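A.B. asks: I have a structure here, written as structure tokens, and I will follow up with some questions on it.
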Amino acid sequence: MKQLIAVLFVMLSIGSAHAQQSTPTPAASSEAVDRLIVVLEDPVLREQLLEHLRSTPNEAAPAAAGAEEADSGGGSGLVGALYRWSDELVTSLPTATFGVPIDRKLAQAGTQIGSRVQSGVSSGQLLQFLAWALPGLAIVAGIGIGMRRVGRGLVQPTKPVRKRKLAMGLMLKVVLAAAALFVVAVLVSFLPVPKVASTSFTSLAVGILLAMLTADLATSALSGFGSVRSVRLIRYGQRRFYPWWLAVASFATFAALSADPSLRQVLGWSAADFAGLILNCIAALTMLGFVSRHRMALGRLIFGAAARAPVSDNPIRNATRRLARHWHLIAYGFLILSIFSLLAGQRDNDVLSQMLWSFAVVLVGMVTIAGLHRLTTSTPPRYRYQRHTLRQIVAGKILKLLRVAADALTLFAMAMTIAGVWGFNIWGWLTTDGRVIVGPLLAAATVVAVAWLIWVTLDAWIATTLAPDKGTRPGAQRSSRLQTLLPLMRNGVLILLVVLGGIAVLANIGVDVTPLIAGAGVFGLALSFGSQQLVQDVITGFFILAEDTIAVGDTISTGDRTGVVESLSLRSMRLRDSDGALHSIPFSTVKALKNSSRNFGVLRPRFTVPSGTDPLAVIDEMRTAATELRADPKFAKAITSDMHDLGIDEINAGSVVVSGSLRTSPVRQPEIARAFNGRMLAGLAEKGIRL
């Protein structure tokens, strides 16, 4: 909802600068005639027009040369186009409302009113007109108040609605108003006053009666909601809304009467233009205050309980629910839009009908968006630990992108349609002068979309690669090498896409990226000279990780430090030793590595046998202990071979050393050695052998 209003205001700012370029209508032709009359009546403007016409042939060639320069690329991309467009907008704003500068128009209006008042006072006609017109208008206002009381019983709210009585009451009010207008016109025609005075009085009387009739009919018509809304709410609306509607109807009616040729001749063309503009703006501001003051009551009358309805699968209900919650924001936007359209020179607008059409466009657009969201909702996994395939993840991401694009296109179509309803030909501007702005924006959006697709595909592939396979427990993980390299690759590609995409976007919007690239090159050269150790760390780390020398969780020794690898980066690794201390070791300081966590380990038990003991008995006990230990379920998977390489390693004075080899799982040697030594001690004690 807020996005629609924001887009609408952007379109309005574009349309206000190019409203004069639309196809002229009969109303526009009459407006052009009025402006021509204003120019011809003013000596200064008339002289400026003549000078402009005289200089037109001499300025044609430079203008054509400037156009050719602009077409040949003399601009500076999107930035230059936005600068020129904003400059043209600011230049055209003072003359957008009346076709001439506002201060000039105001001076003309003041001159016209002053001359007419002075001539009327000097001749006495103005005082005579006020002497009989003011009481007459008061009588007309009294007639309007009396008409509001007529048929009050017929238009009272009831449940259910008495449709015939309500229709009769409304028709009675219309007939009485028409009769009153006829009587006023007949009586005025018999008065011995000038024709201009009688015409002016009749127009004012018609405006008063029409404004009061419009407000009365609007409040009386609220009784038609009696079948679907509470009677108390309708009575509250009829009592509270009438003063606001009367004010709005009065300002709007007299603004429309300011376009009447007879009144324009009496007031003056410029004065009538200013009066119409001011009255229309006051009417819009009054309506804005009315909506702000009574938005809750209006929302309940129009939408009922739709604002409190739960979320539904029906797109129409969802759209109605969202519109019921935010309708006042849209109304604010449309009322402000009406003021902008008046300031942009669209003075023939019917604000009420345009607001109704605009609300209809918003409702259709919201239904469309809700329907598209329902059609493009992705299906979640059926099981808790089920993972999507790469194709499913990428398709889901692309579907979200298409949903956002569809929402943007729908909002754009809504904004274009609403701008057209209010008299702004935005599409015509976009296909002509606006191409210099729209083209770079579309190119930049394409760059962002392509970079996003690359990132989504890579991220989905990494996510599916690191996710546990189907059927494994939730804590299962992939190999430590993948867990180390893939996140690093993801971060590196993200940085690369951001940098290249940013440069491409800046180039498309007209920013010269050559100094930026040259500066980045100089900075990179200086960085490489000033951080040789850092570069060495990164290069060494890259090859260590690429060759899968170490990974997270491995037990390694760097010569002076031994421990478990806790984390890896491109520059360093973190090692936790047996005492719990955490060491941060740059890769460039590592000259050799001993990894005890790869493939298998070897346990080499050694025992010193005294000269009085048979070494073969000790060797037999070693073989027996290894066989029993391998049969133990706790160590069955950790020991992968029988005891081999048994024999006498050393012969010393008074003793011999016997040893053997036992292949085990990585980093399980200490645990297996303790169990093996315990079994050896028990077996030797049972046989009476002492070492």
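Going through the structure tokens in order, the chains are called A, B, and so on, while each chain numbers its residues from 1 and the ligands are numbered from 1 in the order shown.
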List the spatial neighbours of Ala218 of chain A as a list in words - criterion: any atom at most 9 Å away, only C-alpha atoms, same-chain residues fewer than 6 positions off excluded.

C.D. replies: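 In the requested format, the answer is Gln238, Tyr242 and Trp245 of chain A.
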
A.B. asks: Quick one: DSSP alpha helix (DSSP H) residues in segment 215-417 of chain A, as a VMD selection string?

C.D. replies: chain A and resid 215 to 221 231 to 257 261 to 267 269 to 293 295 to 303 315 to 343 351 to 375 390 to 417

A.B. asks: Mind writing the picked residues with C-alpha atoms as a short mmCIF file (atom, residue, chain, number, x, y, z; two decimals), in the first residue's frame?

C.D. replies:
```cif
data_model
loop_
_atom_site.label_atom_id
_atom_site.label_comp_id
_atom_site.auth_asym_id
_atom_site.auth_seq_id
_atom_site.Cartn_x
_atom_site.Cartn_y
_atom_site.Cartn_z
CA ALA A 215 -24.51 17.45 1.08
CA ASP A 216 -28.12 16.63 2.04
CA LEU A 217 -28.42 13.84 -0.53
CA ALA A 218 -25.07 12.35 0.52
CA THR A 219 -26.00 12.22 4.21
CA SER A 220 -29.50 10.95 3.46
CA ALA A 221 -28.14 8.22 1.20
CA VAL A 231 -28.36 2.23 12.72
CA ARG A 232 -26.36 3.94 15.44
CA LEU A 233 -23.31 4.19 13.16
CA ILE A 234 -25.41 5.60 10.30
CA ARG A 235 -26.99 8.24 12.54
CA TYR A 236 -23.55 9.20 13.80
CA GLY A 237 -22.39 9.63 10.21
CA GLN A 238 -25.40 11.70 9.21
CA ARG A 239 -24.90 13.99 12.18
CA ARG A 240 -21.10 14.35 11.98
CA PHE A 241 -20.45 14.16 8.25
CA TYR A 242 -22.91 16.84 7.05
CA PRO A 243 -20.86 19.95 8.01
CA TRP A 244 -17.77 18.53 6.33
CA TRP A 245 -19.64 17.51 3.17
CA LEU A 246 -21.39 20.87 2.99
CA ALA A 247 -18.04 22.68 3.14
CA VAL A 248 -16.48 20.42 0.50
CA ALA A 249 -19.52 20.68 -1.79
CA SER A 250 -19.60 24.48 -1.41
CA PHE A 251 -15.94 24.97 -2.29
CA ALA A 252 -16.11 22.49 -5.19
CA THR A 253 -19.34 23.98 -6.58
CA PHE A 254 -18.12 27.57 -6.56
CA ALA A 255 -14.79 26.45 -8.01
CA ALA A 256 -16.73 24.91 -10.89
CA LEU A 257 -18.80 28.08 -11.27
CA PRO A 261 -17.98 32.63 -18.90
CA SER A 262 -20.40 35.17 -17.42
CA LEU A 263 -18.77 35.07 -13.99
CA ARG A 264 -15.29 35.09 -15.54
CA GLN A 265 -16.23 38.24 -17.41
CA VAL A 266 -17.48 39.85 -14.20
CA LEU A 267 -14.50 38.85 -12.04
CA TRP A 269 -10.12 35.99 -16.40
CA SER A 270 -7.11 35.93 -14.11
CA ALA A 271 -9.16 36.52 -10.96
CA ALA A 272 -11.52 33.68 -11.90
CA ASP A 273 -8.57 31.37 -12.53
CA PHE A 274 -7.08 32.17 -9.13
CA ALA A 275 -10.45 31.82 -7.41
CA GLY A 276 -11.04 28.39 -8.98
CA LEU A 277 -7.56 27.18 -8.04
CA ILE A 278 -7.84 28.36 -4.43
CA LEU A 279 -11.36 26.96 -3.96
CA ASN A 280 -10.39 23.58 -5.42
CA CYS A 281 -7.31 23.38 -3.16
CA ILE A 282 -9.39 24.32 -0.11
CA ALA A 283 -11.96 21.66 -1.05
CA ALA A 284 -9.21 19.01 -1.28
CA LEU A 285 -7.65 20.09 2.02
CA THR A 286 -11.09 20.07 3.70
CA MET A 287 -11.69 16.55 2.40
CA LEU A 288 -8.26 15.56 3.68
CA GLY A 289 -9.15 16.85 7.15
CA PHE A 290 -12.51 15.05 6.99
CA VAL A 291 -10.91 11.69 6.14
CA SER A 292 -8.30 12.16 8.88
CA ARG A 293 -10.95 13.09 11.48
CA ARG A 295 -11.39 7.60 9.07
CA MET A 296 -12.53 4.96 11.56
CA ALA A 297 -16.24 5.67 11.11
CA LEU A 298 -15.85 5.89 7.33
CA GLY A 299 -13.93 2.61 7.28
CA ARG A 300 -16.65 0.84 9.26
CA LEU A 301 -19.35 2.26 6.98
CA ILE A 302 -17.57 1.27 3.76
CA PHE A 303 -15.90 -2.02 4.69
CA PRO A 315 -7.59 -13.19 -3.11
CA ILE A 316 -10.60 -10.84 -3.26
CA ARG A 317 -11.16 -11.14 0.49
CA ASN A 318 -7.48 -10.59 1.21
CA ALA A 319 -7.41 -7.54 -1.05
CA THR A 320 -10.54 -6.14 0.63
CA ARG A 321 -8.99 -6.80 4.04
CA ARG A 322 -5.81 -4.92 3.16
CA LEU A 323 -7.77 -2.09 1.55
CA ALA A 324 -9.98 -1.79 4.64
CA ARG A 325 -6.89 -1.42 6.81
CA HIS A 326 -5.07 1.12 4.67
CA TRP A 327 -7.77 2.88 2.63
CA HIS A 328 -7.20 6.21 4.40
CA LEU A 329 -3.53 6.25 3.27
CA ILE A 330 -4.68 5.83 -0.33
CA ALA A 331 -7.27 8.57 0.16
CA TYR A 332 -4.54 10.89 1.49
CA GLY A 333 -2.44 10.12 -1.57
CA PHE A 334 -5.30 10.79 -3.99
CA LEU A 335 -6.27 14.07 -2.30
CA ILE A 336 -2.67 15.28 -2.34
CA LEU A 337 -2.53 14.09 -5.96
CA SER A 338 -5.57 16.24 -6.75
CA ILE A 339 -3.77 19.30 -5.34
CA PHE A 340 -0.68 18.52 -7.41
CA SER A 341 -2.80 18.08 -10.52
CA LEU A 342 -4.37 21.48 -9.91
CA LEU A 343 -0.96 23.07 -9.52
CA VAL A 351 -12.05 14.95 -8.10
CA LEU A 352 -14.87 12.71 -6.84
CA SER A 353 -15.14 10.54 -9.94
CA GLN A 354 -11.36 10.38 -10.29
CA MET A 355 -11.00 9.20 -6.70
CA LEU A 356 -13.65 6.51 -7.25
CA TRP A 357 -11.92 5.31 -10.42
CA SER A 358 -8.57 5.38 -8.63
CA PHE A 359 -9.93 3.29 -5.75
CA ALA A 360 -11.30 0.81 -8.29
CA VAL A 361 -7.86 0.56 -9.91
CA VAL A 362 -6.26 -0.01 -6.51
CA LEU A 363 -8.75 -2.76 -5.65
CA VAL A 364 -8.18 -4.53 -8.99
CA GLY A 365 -4.41 -4.26 -8.54
CA MET A 366 -4.56 -5.65 -5.01
CA VAL A 367 -6.70 -8.57 -6.15
CA THR A 368 -4.19 -9.24 -8.93
CA ILE A 369 -1.25 -9.17 -6.50
CA ALA A 370 -3.05 -11.47 -4.04
CA GLY A 371 -3.93 -13.90 -6.84
CA LEU A 372 -0.34 -13.96 -8.11
CA HIS A 373 0.95 -14.62 -4.59
CA ARG A 374 -1.46 -17.51 -4.22
CA LEU A 375 -0.40 -19.04 -7.53
CA LEU A 390 19.38 -27.83 -6.25
CA ARG A 391 16.82 -27.40 -9.02
CA GLN A 392 13.99 -26.95 -6.50
CA ILE A 393 15.89 -24.35 -4.51
CA VAL A 394 16.90 -22.34 -7.58
CA ALA A 395 13.37 -22.58 -8.98
CA GLY A 396 11.99 -21.33 -5.65
CA LYS A 397 14.37 -18.37 -5.61
CA ILE A 398 13.54 -17.49 -9.22
CA LEU A 399 9.86 -17.80 -8.39
CA LYS A 400 10.30 -15.27 -5.60
CA LEU A 401 12.11 -12.94 -8.00
CA LEU A 402 9.30 -13.30 -10.53
CA ARG A 403 6.79 -12.58 -7.79
CA VAL A 404 8.62 -9.38 -6.87
CA ALA A 405 8.83 -8.44 -10.57
CA ALA A 406 5.10 -9.15 -11.02
CA ASP A 407 4.30 -7.01 -7.96
CA ALA A 408 6.46 -4.20 -9.34
CA LEU A 409 4.81 -4.42 -12.78
CA THR A 410 1.36 -4.45 -11.20
CA LEU A 411 2.18 -1.42 -9.05
CA PHE A 412 3.65 0.31 -12.10
CA ALA A 413 0.49 -0.42 -14.14
CA MET A 414 -1.66 0.84 -11.26
CA ALA A 415 0.38 4.03 -10.98
CA MET A 416 0.25 4.58 -14.76
CA THR A 417 -3.52 4.02 -14.86
#
```

A.B. asks: What's around His644 of chain A at 9 Å? Count only C-alpha atoms, leave out sequence neighbours fewer than 4 positions away in its own chain, and write the answer as a count of residues only.

C.D. replies: 4

A.B. asks: Would you mind listing, for every residue of segment 175-287 of chain A within 7 Å of segment 130-153 of chain A, the two atoms forming the shortest contact and the distance between them in Å to one decimal, using only C-alpha atoms, sorted by chain and ascending residue number, as CSV?

C.D. replies:
```
residue,atom,partner,partner_atom,distance
A:Phe201,CA,A:Ala133,CA,6.5
A:Ala205,CA,A:Leu137,CA,6.1
A:Ile208,CA,A:Ala141,CA,6.6
A:Leu209,CA,A:Gly144,CA,5.9
A:Met212,CA,A:Gly144,CA,6.1
A:Asp216,CA,A:Arg148,CA,6.3
```

A.B. asks: Hey, can you spit out that residue selection with N, CA and C atoms as an mmCIF file, in the first residue's frame?

C.D. replies:
```cif
data_model
loop_
_atom_site.group_PDB
_atom_site.id
_atom_site.type_symbol
_atom_site.label_atom_id
_atom_site.label_comp_id
_atom_site.auth_asym_id
_atom_site.auth_seq_id
_atom_site.Cartn_x
_atom_site.Cartn_y
_atom_site.Cartn_z
ATOM 1 N N PHE A 201 -26.122 36.743 -9.910
ATOM 2 C CA PHE A 201 -26.925 36.311 -8.765
ATOM 3 C C PHE A 201 -27.465 34.898 -8.979
ATOM 4 N N ALA A 205 -26.793 31.755 -6.568
ATOM 5 C CA ALA A 205 -27.909 31.041 -5.954
ATOM 6 C C ALA A 205 -27.900 29.565 -6.333
ATOM 7 N N ILE A 208 -25.226 27.819 -4.245
ATOM 8 C CA ILE A 208 -25.630 27.569 -2.850
ATOM 9 C C ILE A 208 -26.592 26.395 -2.767
ATOM 10 N N LEU A 209 -27.627 26.405 -3.618
ATOM 11 C CA LEU A 209 -28.610 25.324 -3.568
ATOM 12 C C LEU A 209 -27.998 23.977 -3.954
ATOM 13 N N MET A 212 -25.821 22.674 -0.980
ATOM 14 C CA MET A 212 -26.640 22.176 0.124
ATOM 15 C C MET A 212 -27.387 20.909 -0.273
ATOM 16 N N ASP A 216 -26.917 17.255 1.474
ATOM 17 C CA ASP A 216 -28.118 16.634 2.037
ATOM 18 C C ASP A 216 -28.363 15.257 1.432
#
```

A.B. asks: Which residues are near Met643 of chain A? Cut-off 12 Å, only C-alpha atoms, ignore same chain within fewer than 4 positions. Put them as number ranges by chain.

C.D. replies: A: 602-605, 619-630, 639, 647, 659-664, 676

A.B. asks: Output C-alpha atoms for every residue in the selection just made, as an mmCIF file, in the first residue's frame.

C.D. replies:
```cif
data_model
loop_
_atom_site.group_PDB
_atom_site.id
_atom_site.type_symbol
_atom_site.label_atom_id
_atom_site.label_comp_id
_atom_site.auth_asym_id
_atom_site.auth_seq_id
_atom_site.Cartn_x
_atom_site.Cartn_y
_atom_site.Cartn_z
ATOM 1 C CA VAL A 602 49.370 -46.987 14.084
ATOM 2 C CA LEU A 603 49.815 -48.081 17.708
ATOM 3 C CA ARG A 604 53.326 -49.431 18.507
ATOM 4 C CA PRO A 605 53.412 -51.051 21.960
ATOM 5 C CA ILE A 619 55.003 -61.748 22.583
ATOM 6 C CA ASP A 620 52.275 -64.415 22.812
ATOM 7 C CA GLU A 621 50.507 -62.385 25.478
ATOM 8 C CA MET A 622 50.691 -59.276 23.249
ATOM 9 C CA ARG A 623 49.040 -61.191 20.415
ATOM 10 C CA THR A 624 46.356 -62.548 22.783
ATOM 11 C CA ALA A 625 45.642 -59.077 24.246
ATOM 12 C CA ALA A 626 45.285 -57.569 20.771
ATOM 13 C CA THR A 627 42.877 -60.342 19.700
ATOM 14 C CA GLU A 628 40.713 -59.898 22.819
ATOM 15 C CA LEU A 629 40.727 -56.123 22.450
ATOM 16 C CA ARG A 630 39.617 -56.337 18.829
ATOM 17 C CA ILE A 639 41.112 -51.520 15.404
ATOM 18 C CA GLY A 647 59.511 -59.430 17.609
ATOM 19 C CA SER A 659 57.337 -54.547 20.125
ATOM 20 C CA GLY A 660 54.571 -54.846 17.535
ATOM 21 C CA SER A 661 52.215 -52.774 15.348
ATOM 22 C CA LEU A 662 48.464 -52.372 15.452
ATOM 23 C CA ARG A 663 46.552 -50.301 12.861
ATOM 24 C CA THR A 664 43.746 -48.167 14.344
ATOM 25 C CA PHE A 676 45.821 -52.709 25.632
#
```

A.B. asks: If you count only C-alpha atoms, which residues fall within 10 Å of Ser572 of chain A, apart from same-chain ones fewer than 5 positions away, as a PyMOL selection string?

C.D. replies: chain A and resi 534+537-538+540-541+567+584-590

A.B. asks: Since we have the selection now, will you write its residues out, keeping N, CA, C and O atoms, as a compact mmCIF listing (two decimals), in the first residue's frame?

C.D. replies:
```txt
# COMPACT_ATOMS: atom_id res chain seq x y z
N LEU A 534 51.01 -10.55 4.55
CA LEU A 534 49.59 -10.90 4.43
C LEU A 534 49.33 -11.66 3.13
O LEU A 534 48.60 -12.66 3.12
N ASP A 537 50.58 -15.10 3.54
CA ASP A 537 49.65 -15.90 4.35
C ASP A 537 48.47 -16.39 3.51
O ASP A 537 48.08 -17.56 3.58
N VAL A 538 47.90 -15.50 2.71
CA VAL A 538 46.72 -15.84 1.92
C VAL A 538 47.06 -16.89 0.86
O VAL A 538 46.32 -17.87 0.68
N THR A 540 49.60 -19.06 0.77
CA THR A 540 49.90 -20.34 1.41
C THR A 540 48.64 -21.01 1.93
O THR A 540 48.43 -22.22 1.77
N GLY A 541 47.77 -20.22 2.55
CA GLY A 541 46.51 -20.78 3.05
C GLY A 541 45.64 -21.33 1.95
O GLY A 541 44.99 -22.36 2.11
N SER A 567 39.16 -23.64 13.62
CA SER A 567 38.64 -22.82 12.52
C SER A 567 39.75 -22.52 11.55
O SER A 567 40.94 -22.53 11.92
N SER A 584 46.50 -18.92 17.46
CA SER A 584 46.23 -18.40 16.12
C SER A 584 47.54 -18.41 15.34
O SER A 584 48.48 -17.69 15.69
N ILE A 585 47.61 -19.22 14.29
CA ILE A 585 48.86 -19.46 13.58
C ILE A 585 48.72 -19.00 12.14
O ILE A 585 47.90 -19.55 11.39
N PRO A 586 49.44 -17.97 11.67
CA PRO A 586 49.42 -17.59 10.25
C PRO A 586 50.02 -18.71 9.40
O PRO A 586 50.96 -19.40 9.81
N PHE A 587 49.48 -18.90 8.21
CA PHE A 587 49.93 -20.00 7.37
C PHE A 587 51.37 -19.82 6.91
O PHE A 587 52.06 -20.81 6.64
N SER A 588 51.81 -18.58 6.78
CA SER A 588 53.17 -18.38 6.28
C SER A 588 54.23 -18.85 7.27
O SER A 588 55.38 -19.08 6.88
N THR A 589 53.87 -19.02 8.55
CA THR A 589 54.84 -19.49 9.56
C THR A 589 54.90 -21.00 9.63
O THR A 589 55.74 -21.54 10.37
N VAL A 590 54.00 -21.68 8.93
CA VAL A 590 53.97 -23.15 8.97
C VAL A 590 54.89 -23.68 7.89
O VAL A 590 54.64 -23.50 6.69
```

A.B. asks: How many Å lie between atom CA of Phe542 of chain A and atom CA of Trp455 of chain A, rounded to one decimal?

C.D. replies: 21.8 Å

A.B. asks: With only C-alpha atoms as the basis for distance, which of A:Trp427, A:Trp461, A:Trp452, A:Phe523 is at the shortest distance from Val498 of chain A?

C.D. replies: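 Looking at the shortest contact to Val498 of chain A, the residue is A:Trp452.
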
A.B. asks: Return the single residue from A:Ala551, A:Ala653, A:Ala638, A:Ala180 that is closest to Gln669 of chain A, with distances computed using only C-alpha atoms.

C.D. replies: A:Ala638

A.B. asks: Do you have the atom CA of Ala592 of chain A-atom CA of Gly559 of chain A distance handy?

C.D. replies: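 Between these atoms lies a distance of 7.3 Å.
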